[in-house]
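Okay, structure first, notes after.
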Amino acid sequence: MSLVLFGPPGAGKGTQSDLMLGKTKMMHMSTGNLFRDAIKNKTPLGVEAQSYVDAGKLVPDSVVIGLVREFLEKNKVVDFIFDGFPRTMAQAEALENQIKEVGAQPIAKALFLEVPHNVLMERLGGRRVCKNCGAVYHAKLSPPKKEGVCDKCGGEVYQRKDDAPDAIETRLEAYEKSTAPLKEYYQKKGLFISIDGVGGSTDVFERIRPFLKN
Ligand code: AP5
């Protein structure tokens, strides 16, 4: 079975994906991480995506859908956790077709992380990320032991460009316009599960755990 993990920016998708990966053999696919890697490595995809990602705008569907197809074809896995994809109706429809084409497992549930606006703002404003391994911290809520240094790999911990106030606003607008309608899409398919995303990250994870495949 495959799972979709979706929700507004800062809802905790990356944080929960990390916890999920400790408990399941499913493969994690985050389009945000794929774009950040491509930007870091200055690949043609990274060059194309950078201005969208830095400004907090959605990368065009054709680019994202092509990227996901490549990922699914390359990784011969059947059970996926899709994090941050799909984000538009066109992406949701493309994902269903691609899953069939590559022989991956269909989406069993679409888990929606429900988090109020004030909590999102606090999380996004304080988020810090390791440049090297991608570990996620929060300046106040879960800082690294030594400021600016990753606990896991010693890499540099920095603030993402799209966590600047203007870009946060753009991302929240893009979410409301393009991604929030997916709630209804998955409700109609009987796949929608709302998860309360407020509370400590391990508490939130305990709410997700029953839906994981071991
Ligand atoms: P992406 O990286 O997917 O960004 P996002 O959806 O905005 O999500 P975030 O990474 O900001 O938040 P998150 O929900 O993962 O929260 P996190 O766990 O980090 O995408 C980036 C960009 O790429 C997009 O803006 C777009 O340009 C492009 N893109 C990606 N996919 C695309 C697509 N499909 N189509 C088009 N464009 C696409 O947590 C946030 C903070 O809160 C952290 O500091 C964390 O420590 C803290 N925190 C998390 N959970 C808790 C908790 N329970 N308690 C306390 N603190 C917590």
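Letters A, B, ... mark the chains of the structure tokens in the order given; residue numbers begin at 1 per chain; ligand numbers begin at 1, in order shown.
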Which of stretch 27-178 of chain A counts as alpha helix (DSSP H) under DSSP, as a compact mmCIF listing (two decimals) with all heavy atoms, in the first residue's frame please?
```txt
# COMPACT_ATOMS: atom_id res chain seq x y z
N THR A 31 8.75 15.66 -2.93
CA THR A 31 9.11 16.51 -4.08
C THR A 31 9.91 17.73 -3.61
O THR A 31 10.83 18.17 -4.30
CB THR A 31 7.86 16.93 -4.87
OG1 THR A 31 6.80 17.19 -3.96
CG2 THR A 31 7.44 15.88 -5.86
N GLY A 32 9.60 18.25 -2.42
CA GLY A 32 10.37 19.38 -1.89
C GLY A 32 11.84 19.00 -1.75
O GLY A 32 12.74 19.75 -2.16
N ASN A 33 12.11 17.81 -1.19
CA ASN A 33 13.51 17.37 -1.04
C ASN A 33 14.18 17.16 -2.40
O ASN A 33 15.34 17.49 -2.59
CB ASN A 33 13.59 16.04 -0.26
CG ASN A 33 13.30 16.23 1.21
OD1 ASN A 33 13.23 17.36 1.68
ND2 ASN A 33 13.11 15.14 1.93
N LEU A 34 13.42 16.59 -3.35
CA LEU A 34 14.00 16.35 -4.68
C LEU A 34 14.40 17.70 -5.32
O LEU A 34 15.47 17.83 -5.91
CB LEU A 34 13.02 15.61 -5.60
CG LEU A 34 12.72 14.14 -5.23
CD1 LEU A 34 11.69 13.57 -6.18
CD2 LEU A 34 13.98 13.29 -5.25
N PHE A 35 13.53 18.70 -5.15
CA PHE A 35 13.86 20.02 -5.71
C PHE A 35 15.07 20.63 -4.99
O PHE A 35 15.96 21.18 -5.64
CB PHE A 35 12.66 20.97 -5.64
CG PHE A 35 11.59 20.66 -6.65
CD1 PHE A 35 10.27 20.53 -6.29
CD2 PHE A 35 11.92 20.49 -7.98
CE1 PHE A 35 9.29 20.23 -7.22
CE2 PHE A 35 10.95 20.18 -8.93
CZ PHE A 35 9.63 20.06 -8.55
N ARG A 36 15.10 20.53 -3.67
CA ARG A 36 16.23 21.13 -2.93
C ARG A 36 17.55 20.46 -3.32
O ARG A 36 18.57 21.11 -3.49
CB ARG A 36 16.00 21.07 -1.41
CG ARG A 36 15.11 22.21 -0.91
CD ARG A 36 14.97 22.22 0.58
NE ARG A 36 14.14 21.12 1.06
CZ ARG A 36 12.82 21.11 1.05
NH1 ARG A 36 12.15 22.13 0.59
NH2 ARG A 36 12.15 20.06 1.50
N ASP A 37 17.53 19.11 -3.50
CA ASP A 37 18.75 18.41 -3.94
C ASP A 37 19.17 18.89 -5.32
O ASP A 37 20.35 19.13 -5.58
CB ASP A 37 18.51 16.89 -4.01
CG ASP A 37 18.55 16.28 -2.62
OD1 ASP A 37 18.97 16.98 -1.68
OD2 ASP A 37 18.14 15.11 -2.48
N ALA A 38 18.20 19.00 -6.23
CA ALA A 38 18.50 19.42 -7.61
C ALA A 38 19.07 20.84 -7.63
O ALA A 38 19.99 21.14 -8.39
CB ALA A 38 17.24 19.33 -8.48
N ILE A 39 18.52 21.70 -6.75
CA ILE A 39 19.02 23.09 -6.69
C ILE A 39 20.45 23.10 -6.14
O ILE A 39 21.33 23.77 -6.68
CB ILE A 39 18.08 23.95 -5.81
CG1 ILE A 39 16.73 24.14 -6.53
CG2 ILE A 39 18.72 25.30 -5.49
CD1 ILE A 39 15.63 24.72 -5.67
N LYS A 40 20.67 22.29 -5.09
CA LYS A 40 22.02 22.24 -4.49
C LYS A 40 23.05 21.76 -5.52
O LYS A 40 24.15 22.28 -5.60
CB LYS A 40 21.98 21.28 -3.29
CG LYS A 40 23.23 21.29 -2.45
CD LYS A 40 23.00 20.62 -1.10
CE LYS A 40 23.60 19.24 -1.10
NZ LYS A 40 23.36 18.48 0.11
N PRO A 44 19.91 20.71 -14.38
CA PRO A 44 18.97 21.50 -15.19
C PRO A 44 17.61 21.65 -14.50
O PRO A 44 17.01 22.73 -14.52
CB PRO A 44 18.84 20.68 -16.48
CG PRO A 44 20.14 19.91 -16.56
CD PRO A 44 20.54 19.62 -15.15
N LEU A 45 17.16 20.58 -13.83
CA LEU A 45 15.89 20.67 -13.11
C LEU A 45 15.99 21.70 -11.98
O LEU A 45 15.08 22.52 -11.78
CB LEU A 45 15.53 19.30 -12.51
CG LEU A 45 14.33 19.32 -11.56
CD1 LEU A 45 13.03 19.44 -12.34
CD2 LEU A 45 14.30 18.09 -10.67
N GLY A 46 17.13 21.68 -11.27
CA GLY A 46 17.33 22.62 -10.16
C GLY A 46 17.32 24.06 -10.65
O GLY A 46 16.70 24.93 -10.03
N VAL A 47 17.97 24.28 -11.78
CA VAL A 47 18.02 25.64 -12.34
C VAL A 47 16.60 26.10 -12.70
O VAL A 47 16.19 27.23 -12.42
CB VAL A 47 18.95 25.68 -13.57
CG1 VAL A 47 18.88 27.03 -14.27
CG2 VAL A 47 20.40 25.37 -13.15
N GLU A 48 15.82 25.17 -13.26
CA GLU A 48 14.45 25.52 -13.67
C GLU A 48 13.56 25.78 -12.44
O GLU A 48 12.74 26.69 -12.44
CB GLU A 48 13.85 24.37 -14.51
CG GLU A 48 12.50 24.72 -15.08
CD GLU A 48 11.98 23.67 -16.06
OE1 GLU A 48 12.64 22.64 -16.27
OE2 GLU A 48 10.87 23.90 -16.58
N ALA A 49 13.77 24.97 -11.38
CA ALA A 49 12.85 25.04 -10.23
C ALA A 49 13.20 26.15 -9.24
O ALA A 49 12.34 26.60 -8.50
CB ALA A 49 12.85 23.69 -9.50
N GLN A 50 14.47 26.59 -9.23
CA GLN A 50 14.94 27.43 -8.12
C GLN A 50 14.10 28.69 -7.89
O GLN A 50 13.75 28.99 -6.74
CB GLN A 50 16.40 27.84 -8.33
CG GLN A 50 16.89 28.71 -7.17
CD GLN A 50 18.38 28.67 -6.98
OE1 GLN A 50 19.13 28.34 -7.90
NE2 GLN A 50 18.82 28.98 -5.78
N SER A 51 13.76 29.40 -8.96
CA SER A 51 13.06 30.67 -8.74
C SER A 51 11.67 30.41 -8.13
O SER A 51 11.19 31.19 -7.30
CB SER A 51 12.93 31.45 -10.05
OG SER A 51 12.21 30.70 -10.98
N TYR A 52 11.03 29.32 -8.53
CA TYR A 52 9.71 28.99 -7.96
C TYR A 52 9.85 28.65 -6.47
O TYR A 52 9.12 29.16 -5.63
CB TYR A 52 9.09 27.77 -8.67
CG TYR A 52 8.75 28.02 -10.11
CD1 TYR A 52 9.61 27.62 -11.13
CD2 TYR A 52 7.56 28.65 -10.46
CE1 TYR A 52 9.30 27.83 -12.46
CE2 TYR A 52 7.22 28.87 -11.79
CZ TYR A 52 8.10 28.46 -12.79
OH TYR A 52 7.78 28.69 -14.10
N VAL A 53 10.79 27.75 -6.18
CA VAL A 53 10.93 27.26 -4.79
C VAL A 53 11.32 28.40 -3.86
O VAL A 53 10.71 28.58 -2.80
CB VAL A 53 11.97 26.11 -4.74
CG1 VAL A 53 12.23 25.70 -3.29
CG2 VAL A 53 11.48 24.91 -5.55
N ASP A 54 12.31 29.21 -4.26
CA ASP A 54 12.77 30.29 -3.38
C ASP A 54 11.65 31.29 -3.09
O ASP A 54 11.56 31.85 -2.00
CB ASP A 54 13.96 31.04 -4.01
CG ASP A 54 15.24 30.21 -3.91
OD1 ASP A 54 15.21 29.16 -3.25
OD2 ASP A 54 16.26 30.62 -4.51
N ALA A 55 10.79 31.52 -4.09
CA ALA A 55 9.71 32.50 -3.90
C ALA A 55 8.49 31.88 -3.21
O ALA A 55 7.55 32.59 -2.87
CB ALA A 55 9.30 33.07 -5.26
N ASP A 61 3.11 22.05 -12.97
CA ASP A 61 2.71 20.63 -12.93
C ASP A 61 3.53 19.75 -13.86
O ASP A 61 3.93 18.65 -13.49
CB ASP A 61 1.23 20.50 -13.32
CG ASP A 61 0.30 20.86 -12.17
OD1 ASP A 61 0.76 20.82 -11.00
OD2 ASP A 61 -0.87 21.18 -12.44
N SER A 62 3.78 20.24 -15.09
CA SER A 62 4.47 19.37 -16.06
C SER A 62 5.85 18.96 -15.55
O SER A 62 6.28 17.81 -15.72
CB SER A 62 4.59 20.09 -17.41
OG SER A 62 5.30 21.29 -17.21
N VAL A 63 6.52 19.89 -14.86
CA VAL A 63 7.87 19.61 -14.34
C VAL A 63 7.78 18.60 -13.20
O VAL A 63 8.52 17.61 -13.14
CB VAL A 63 8.54 20.92 -13.84
CG1 VAL A 63 9.90 20.64 -13.24
CG2 VAL A 63 8.65 21.92 -14.98
N VAL A 64 6.84 18.84 -12.29
CA VAL A 64 6.72 17.98 -11.10
C VAL A 64 6.30 16.57 -11.50
O VAL A 64 6.86 15.58 -11.02
CB VAL A 64 5.67 18.55 -10.11
CG1 VAL A 64 5.73 17.80 -8.80
CG2 VAL A 64 5.90 20.01 -9.86
N ILE A 65 5.36 16.49 -12.40
CA ILE A 65 4.84 15.17 -12.80
C ILE A 65 5.94 14.36 -13.49
O ILE A 65 6.11 13.16 -13.24
CB ILE A 65 3.57 15.34 -13.68
CG1 ILE A 65 2.42 15.87 -12.81
CG2 ILE A 65 3.18 14.03 -14.37
CD1 ILE A 65 1.21 16.37 -13.58
N GLY A 66 6.74 15.03 -14.31
CA GLY A 66 7.86 14.35 -14.98
C GLY A 66 8.89 13.85 -13.97
O GLY A 66 9.41 12.74 -14.08
N LEU A 67 9.15 14.68 -12.98
CA LEU A 67 10.13 14.32 -11.94
C LEU A 67 9.66 13.09 -11.15
O LEU A 67 10.44 12.17 -10.88
CB LEU A 67 10.28 15.52 -11.00
CG LEU A 67 11.14 15.33 -9.77
CD1 LEU A 67 12.61 15.31 -10.17
CD2 LEU A 67 10.91 16.46 -8.77
N VAL A 68 8.39 13.07 -10.81
CA VAL A 68 7.86 11.94 -10.02
C VAL A 68 7.87 10.66 -10.86
O VAL A 68 8.23 9.59 -10.38
CB VAL A 68 6.45 12.26 -9.49
CG1 VAL A 68 5.82 11.04 -8.83
CG2 VAL A 68 6.51 13.41 -8.49
N ARG A 69 7.53 10.79 -12.13
CA ARG A 69 7.57 9.61 -13.00
C ARG A 69 8.98 9.00 -13.01
O ARG A 69 9.14 7.79 -12.84
CB ARG A 69 7.15 9.98 -14.43
CG ARG A 69 7.36 8.84 -15.43
CD ARG A 69 6.98 9.28 -16.82
NE ARG A 69 5.54 9.42 -16.93
CZ ARG A 69 4.70 8.40 -17.13
NH1 ARG A 69 5.16 7.17 -17.24
NH2 ARG A 69 3.42 8.59 -17.21
N GLU A 70 9.96 9.87 -13.17
CA GLU A 70 11.36 9.41 -13.18
C GLU A 70 11.71 8.69 -11.87
O GLU A 70 12.33 7.64 -11.87
CB GLU A 70 12.25 10.65 -13.29
CG GLU A 70 13.41 10.54 -14.26
CD GLU A 70 14.09 11.89 -14.34
OE1 GLU A 70 14.93 12.18 -13.48
OE2 GLU A 70 13.75 12.67 -15.26
N PHE A 71 11.27 9.28 -10.76
CA PHE A 71 11.57 8.71 -9.44
C PHE A 71 10.92 7.33 -9.30
O PHE A 71 11.55 6.37 -8.85
CB PHE A 71 11.05 9.65 -8.35
CG PHE A 71 11.40 9.20 -6.95
CD1 PHE A 71 12.55 9.66 -6.33
CD2 PHE A 71 10.59 8.32 -6.25
CE1 PHE A 71 12.88 9.25 -5.04
CE2 PHE A 71 10.91 7.90 -4.97
CZ PHE A 71 12.06 8.38 -4.37
N LEU A 72 9.68 7.22 -9.72
CA LEU A 72 8.96 5.93 -9.57
C LEU A 72 9.59 4.87 -10.47
O LEU A 72 9.68 3.70 -10.08
CB LEU A 72 7.48 6.10 -9.92
CG LEU A 72 6.66 6.99 -8.99
CD1 LEU A 72 5.20 7.03 -9.45
CD2 LEU A 72 6.73 6.52 -7.56
N GLU A 73 10.00 5.27 -11.65
CA GLU A 73 10.59 4.29 -12.58
C GLU A 73 11.96 3.82 -12.08
O GLU A 73 12.33 2.67 -12.26
CB GLU A 73 10.71 4.89 -13.98
CG GLU A 73 9.35 4.90 -14.69
CD GLU A 73 9.35 5.71 -15.98
OE1 GLU A 73 10.37 6.38 -16.27
OE2 GLU A 73 8.32 5.68 -16.69
N LYS A 74 12.71 4.75 -11.47
CA LYS A 74 14.06 4.41 -11.01
C LYS A 74 14.03 3.55 -9.75
O LYS A 74 14.85 2.66 -9.58
CB LYS A 74 14.81 5.73 -10.72
CG LYS A 74 16.31 5.57 -10.66
CD LYS A 74 17.02 6.90 -10.79
CE LYS A 74 16.86 7.70 -9.53
NZ LYS A 74 17.34 9.08 -9.62
N MET A 89 -4.80 19.24 -8.38
CA MET A 89 -5.69 18.21 -8.91
C MET A 89 -5.02 17.45 -10.06
O MET A 89 -5.12 16.23 -10.15
CB MET A 89 -6.96 18.90 -9.41
CG MET A 89 -8.18 18.09 -9.25
SD MET A 89 -8.53 17.73 -7.55
CE MET A 89 -9.55 19.11 -7.13
N ALA A 90 -4.32 18.20 -10.93
CA ALA A 90 -3.65 17.55 -12.07
C ALA A 90 -2.61 16.55 -11.58
O ALA A 90 -2.45 15.45 -12.13
CB ALA A 90 -3.00 18.60 -12.96
N GLN A 91 -1.89 16.91 -10.52
CA GLN A 91 -0.88 15.99 -9.97
C GLN A 91 -1.53 14.76 -9.35
O GLN A 91 -1.02 13.64 -9.47
CB GLN A 91 -0.03 16.70 -8.91
CG GLN A 91 0.85 17.82 -9.46
CD GLN A 91 1.67 18.51 -8.37
OE1 GLN A 91 1.83 18.01 -7.27
NE2 GLN A 91 2.19 19.69 -8.70
N ALA A 92 -2.67 14.95 -8.70
CA ALA A 92 -3.36 13.79 -8.07
C ALA A 92 -3.79 12.80 -9.14
O ALA A 92 -3.64 11.57 -8.98
CB ALA A 92 -4.56 14.29 -7.27
N GLU A 93 -4.32 13.32 -10.24
CA GLU A 93 -4.77 12.42 -11.30
C GLU A 93 -3.58 11.73 -11.97
O GLU A 93 -3.61 10.53 -12.25
CB GLU A 93 -5.60 13.22 -12.33
CG GLU A 93 -6.99 13.49 -11.78
CD GLU A 93 -7.73 14.63 -12.48
OE1 GLU A 93 -7.19 15.18 -13.46
OE2 GLU A 93 -8.84 14.96 -12.02
N ALA A 94 -2.50 12.50 -12.18
CA ALA A 94 -1.31 11.91 -12.80
C ALA A 94 -0.73 10.82 -11.90
O ALA A 94 -0.30 9.76 -12.38
CB ALA A 94 -0.25 13.00 -13.04
N LEU A 95 -0.74 11.05 -10.59
CA LEU A 95 -0.17 10.06 -9.67
C LEU A 95 -0.91 8.73 -9.78
O LEU A 95 -0.29 7.66 -9.82
CB LEU A 95 -0.20 10.57 -8.22
CG LEU A 95 0.33 9.60 -7.17
CD1 LEU A 95 1.80 9.23 -7.44
CD2 LEU A 95 0.19 10.18 -5.76
N GLU A 96 -2.22 8.79 -9.83
CA GLU A 96 -2.99 7.54 -9.94
C GLU A 96 -2.59 6.76 -11.19
O GLU A 96 -2.41 5.53 -11.14
CB GLU A 96 -4.48 7.84 -9.98
CG GLU A 96 -5.04 8.04 -8.59
CD GLU A 96 -6.53 8.27 -8.60
OE1 GLU A 96 -7.23 7.64 -9.41
OE2 GLU A 96 -6.98 9.09 -7.78
N ASN A 97 -2.44 7.45 -12.30
CA ASN A 97 -2.04 6.77 -13.54
C ASN A 97 -0.64 6.22 -13.45
O ASN A 97 -0.37 5.08 -13.84
CB ASN A 97 -2.12 7.75 -14.72
CG ASN A 97 -3.55 8.14 -15.01
OD1 ASN A 97 -4.48 7.37 -14.73
ND2 ASN A 97 -3.75 9.33 -15.53
N GLN A 98 0.27 7.01 -12.90
CA GLN A 98 1.67 6.58 -12.83
C GLN A 98 1.83 5.35 -11.93
O GLN A 98 2.60 4.45 -12.23
CB GLN A 98 2.55 7.72 -12.31
CG GLN A 98 2.68 8.85 -13.32
CD GLN A 98 3.55 9.99 -12.80
OE1 GLN A 98 3.89 10.04 -11.64
NE2 GLN A 98 3.88 10.91 -13.68
N ILE A 99 1.09 5.34 -10.83
CA ILE A 99 1.16 4.19 -9.91
C ILE A 99 0.79 2.91 -10.68
O ILE A 99 1.45 1.88 -10.55
CB ILE A 99 0.23 4.42 -8.69
CG1 ILE A 99 0.93 5.36 -7.71
CG2 ILE A 99 -0.15 3.12 -8.02
CD1 ILE A 99 0.11 5.71 -6.49
N LYS A 100 -0.26 3.01 -11.46
CA LYS A 100 -0.69 1.83 -12.25
C LYS A 100 0.39 1.45 -13.26
O LYS A 100 0.75 0.28 -13.41
CB LYS A 100 -1.99 2.13 -13.01
CG LYS A 100 -3.20 2.08 -12.12
CD LYS A 100 -4.47 2.27 -12.95
CE LYS A 100 -5.58 2.79 -12.05
NZ LYS A 100 -6.39 3.84 -12.65
N GLU A 101 0.92 2.46 -13.94
CA GLU A 101 1.90 2.19 -15.01
C GLU A 101 3.18 1.53 -14.49
O GLU A 101 3.73 0.66 -15.15
CB GLU A 101 2.25 3.50 -15.73
CG GLU A 101 1.16 3.94 -16.70
CD GLU A 101 1.27 5.41 -17.07
OE1 GLU A 101 2.37 5.97 -16.98
OE2 GLU A 101 0.22 5.98 -17.42
N VAL A 102 3.66 1.95 -13.31
CA VAL A 102 4.92 1.38 -12.81
C VAL A 102 4.69 0.16 -11.92
O VAL A 102 5.65 -0.46 -11.45
CB VAL A 102 5.79 2.42 -12.05
CG1 VAL A 102 6.11 3.62 -12.91
CG2 VAL A 102 5.13 2.86 -10.75
N HIS A 117 -3.45 28.06 11.70
CA HIS A 117 -2.58 29.05 11.07
C HIS A 117 -1.50 29.58 12.03
O HIS A 117 -0.33 29.68 11.66
CB HIS A 117 -3.46 30.19 10.54
CG HIS A 117 -2.71 31.18 9.74
ND1 HIS A 117 -2.23 32.36 10.28
CD2 HIS A 117 -2.32 31.20 8.45
CE1 HIS A 117 -1.59 33.04 9.36
NE2 HIS A 117 -1.63 32.36 8.24
N ASN A 118 -1.88 29.92 13.26
CA ASN A 118 -0.88 30.52 14.18
C ASN A 118 0.25 29.53 14.48
O ASN A 118 1.42 29.92 14.59
CB ASN A 118 -1.55 31.03 15.47
CG ASN A 118 -2.21 29.91 16.25
OD1 ASN A 118 -2.80 29.00 15.69
ND2 ASN A 118 -2.12 29.98 17.56
N VAL A 119 -0.08 28.25 14.57
CA VAL A 119 0.96 27.24 14.84
C VAL A 119 1.85 27.08 13.61
O VAL A 119 3.08 26.98 13.72
CB VAL A 119 0.31 25.89 15.25
CG1 VAL A 119 1.38 24.84 15.50
CG2 VAL A 119 -0.56 26.07 16.47
N LEU A 120 1.26 27.11 12.42
CA LEU A 120 2.06 27.01 11.18
C LEU A 120 3.07 28.15 11.12
O LEU A 120 4.24 27.94 10.81
CB LEU A 120 1.17 27.10 9.94
CG LEU A 120 0.17 25.99 9.70
CD1 LEU A 120 -0.68 26.32 8.46
CD2 LEU A 120 0.87 24.65 9.52
N MET A 121 2.61 29.37 11.44
CA MET A 121 3.50 30.53 11.36
C MET A 121 4.67 30.38 12.34
O MET A 121 5.82 30.67 12.00
CB MET A 121 2.72 31.83 11.68
CG MET A 121 1.64 32.15 10.67
SD MET A 121 2.27 32.27 8.98
CE MET A 121 3.06 33.84 9.02
N GLU A 122 4.38 29.90 13.52
CA GLU A 122 5.44 29.73 14.52
C GLU A 122 6.45 28.68 14.05
O GLU A 122 7.66 28.86 14.13
CB GLU A 122 4.84 29.32 15.87
CG GLU A 122 5.89 29.31 16.96
CD GLU A 122 5.46 28.58 18.23
OE1 GLU A 122 4.46 27.84 18.19
OE2 GLU A 122 6.16 28.75 19.24
N ARG A 123 5.93 27.58 13.50
CA ARG A 123 6.82 26.49 13.06
C ARG A 123 7.70 26.92 11.88
O ARG A 123 8.90 26.66 11.85
CB ARG A 123 6.00 25.25 12.65
CG ARG A 123 5.39 24.55 13.85
CD ARG A 123 4.70 23.29 13.38
NE ARG A 123 4.01 22.62 14.47
CZ ARG A 123 3.27 21.55 14.31
NH1 ARG A 123 3.10 21.02 13.10
NH2 ARG A 123 2.68 20.99 15.35
N LEU A 124 7.07 27.60 10.90
CA LEU A 124 7.83 27.97 9.69
C LEU A 124 8.88 29.03 10.00
O LEU A 124 10.01 28.96 9.51
CB LEU A 124 6.88 28.46 8.60
CG LEU A 124 6.00 27.39 7.97
CD1 LEU A 124 4.91 28.02 7.11
CD2 LEU A 124 6.83 26.43 7.14
N GLY A 125 8.50 30.01 10.82
CA GLY A 125 9.43 31.10 11.15
C GLY A 125 10.66 30.60 11.89
O GLY A 125 11.74 31.17 11.76
N GLY A 126 10.51 29.51 12.66
CA GLY A 126 11.64 29.03 13.47
C GLY A 126 12.35 27.83 12.87
O GLY A 126 13.32 27.34 13.44
N PRO A 165 9.47 35.71 5.50
CA PRO A 165 8.04 36.05 5.65
C PRO A 165 7.26 36.15 4.34
O PRO A 165 6.14 35.62 4.23
CB PRO A 165 8.06 37.40 6.38
CG PRO A 165 9.36 37.39 7.13
CD PRO A 165 10.33 36.59 6.31
N ASP A 166 7.83 36.81 3.29
CA ASP A 166 7.09 36.96 2.02
C ASP A 166 6.81 35.61 1.38
O ASP A 166 5.72 35.37 0.85
CB ASP A 166 7.93 37.78 1.02
CG ASP A 166 7.83 39.25 1.33
OD1 ASP A 166 7.16 39.58 2.32
OD2 ASP A 166 8.43 40.05 0.59
N ALA A 167 7.84 34.75 1.39
CA ALA A 167 7.69 33.44 0.75
C ALA A 167 6.72 32.56 1.53
O ALA A 167 5.94 31.80 0.94
CB ALA A 167 9.06 32.75 0.64
N ILE A 168 6.71 32.70 2.85
CA ILE A 168 5.75 31.92 3.66
C ILE A 168 4.32 32.30 3.25
O ILE A 168 3.47 31.44 3.04
CB ILE A 168 5.95 32.18 5.18
CG1 ILE A 168 7.26 31.55 5.66
CG2 ILE A 168 4.78 31.63 5.99
CD1 ILE A 168 7.58 31.79 7.13
N GLU A 169 4.11 33.60 3.10
CA GLU A 169 2.77 34.06 2.71
C GLU A 169 2.36 33.49 1.35
O GLU A 169 1.25 33.00 1.16
CB GLU A 169 2.79 35.59 2.65
CG GLU A 169 1.44 36.21 2.88
CD GLU A 169 1.56 37.72 2.95
OE1 GLU A 169 2.31 38.22 3.81
OE2 GLU A 169 0.93 38.37 2.11
N THR A 170 3.32 33.53 0.40
CA THR A 170 3.04 32.99 -0.95
C THR A 170 2.72 31.49 -0.88
O THR A 170 1.81 31.00 -1.54
CB THR A 170 4.27 33.21 -1.87
OG1 THR A 170 4.62 34.58 -1.81
CG2 THR A 170 3.98 32.81 -3.30
N ARG A 171 3.48 30.77 -0.06
CA ARG A 171 3.25 29.31 0.05
C ARG A 171 1.88 29.02 0.64
O ARG A 171 1.19 28.09 0.21
CB ARG A 171 4.34 28.68 0.92
CG ARG A 171 5.67 28.60 0.19
CD ARG A 171 6.82 28.47 1.14
NE ARG A 171 6.79 27.25 1.90
CZ ARG A 171 7.42 27.10 3.07
NH1 ARG A 171 8.08 28.09 3.61
NH2 ARG A 171 7.37 25.94 3.69
N LEU A 172 1.49 29.80 1.67
CA LEU A 172 0.18 29.55 2.28
C LEU A 172 -0.94 29.85 1.28
O LEU A 172 -1.94 29.13 1.23
CB LEU A 172 0.03 30.39 3.56
CG LEU A 172 0.90 29.92 4.73
CD1 LEU A 172 0.92 30.95 5.85
CD2 LEU A 172 0.40 28.57 5.28
N GLU A 173 -0.74 30.91 0.47
CA GLU A 173 -1.76 31.22 -0.55
C GLU A 173 -1.85 30.10 -1.58
O GLU A 173 -2.93 29.68 -1.99
CB GLU A 173 -1.40 32.53 -1.27
CG GLU A 173 -1.79 33.76 -0.49
CD GLU A 173 -1.14 35.04 -1.05
OE1 GLU A 173 -0.65 35.01 -2.19
OE2 GLU A 173 -1.13 36.04 -0.31
N ALA A 174 -0.67 29.62 -2.03
CA ALA A 174 -0.66 28.53 -3.03
C ALA A 174 -1.32 27.28 -2.46
O ALA A 174 -2.07 26.57 -3.15
CB ALA A 174 0.78 28.22 -3.43
```
### Shell of 9 Å around A:Gly155, only C-alpha atoms, local chain residues under 4 positions omitted, as a list in words
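Within the cut-off, the hits are Cys130, Lys131, Asn132, Cys133, Gly148, Val149, Cys150 and Asp151 of chain A.
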Next, write the just-selected residues to a file, as a PDB file, in the first residue's frame, keeping N, CA and C atoms as the atom set.
```
ATOM      1  N   CYS A 130      19.398  21.140   8.173  1.00  0.00           N
ATOM      2  CA  CYS A 130      20.808  20.841   7.908  1.00  0.00           C
ATOM      3  C   CYS A 130      21.056  20.853   6.397  1.00  0.00           C
ATOM      4  N   LYS A 131      22.040  21.621   5.972  1.00  0.00           N
ATOM      5  CA  LYS A 131      22.381  21.743   4.553  1.00  0.00           C
ATOM      6  C   LYS A 131      22.872  20.414   4.000  1.00  0.00           C
ATOM      7  N   ASN A 132      23.462  19.609   4.860  1.00  0.00           N
ATOM      8  CA  ASN A 132      24.077  18.366   4.410  1.00  0.00           C
ATOM      9  C   ASN A 132      23.095  17.196   4.393  1.00  0.00           C
ATOM     10  N   CYS A 133      22.445  16.892   5.543  1.00  0.00           N
ATOM     11  CA  CYS A 133      21.611  15.678   5.592  1.00  0.00           C
ATOM     12  C   CYS A 133      20.116  15.983   5.601  1.00  0.00           C
ATOM     13  N   GLY A 148      23.634  26.151  15.017  1.00  0.00           N
ATOM     14  CA  GLY A 148      24.171  26.175  13.652  1.00  0.00           C
ATOM     15  C   GLY A 148      24.861  24.895  13.223  1.00  0.00           C
ATOM     16  N   VAL A 149      24.887  23.872  14.107  1.00  0.00           N
ATOM     17  CA  VAL A 149      25.581  22.622  13.759  1.00  0.00           C
ATOM     18  C   VAL A 149      24.629  21.438  13.929  1.00  0.00           C
ATOM     19  N   CYS A 150      24.547  20.599  12.896  1.00  0.00           N
ATOM     20  CA  CYS A 150      23.620  19.462  12.925  1.00  0.00           C
ATOM     21  C   CYS A 150      24.074  18.394  13.930  1.00  0.00           C
ATOM     22  N   ASP A 151      23.133  17.953  14.794  1.00  0.00           N
ATOM     23  CA  ASP A 151      23.443  16.893  15.775  1.00  0.00           C
ATOM     24  C   ASP A 151      23.798  15.589  15.068  1.00  0.00           C
TER      25      ASP A 151
END
```
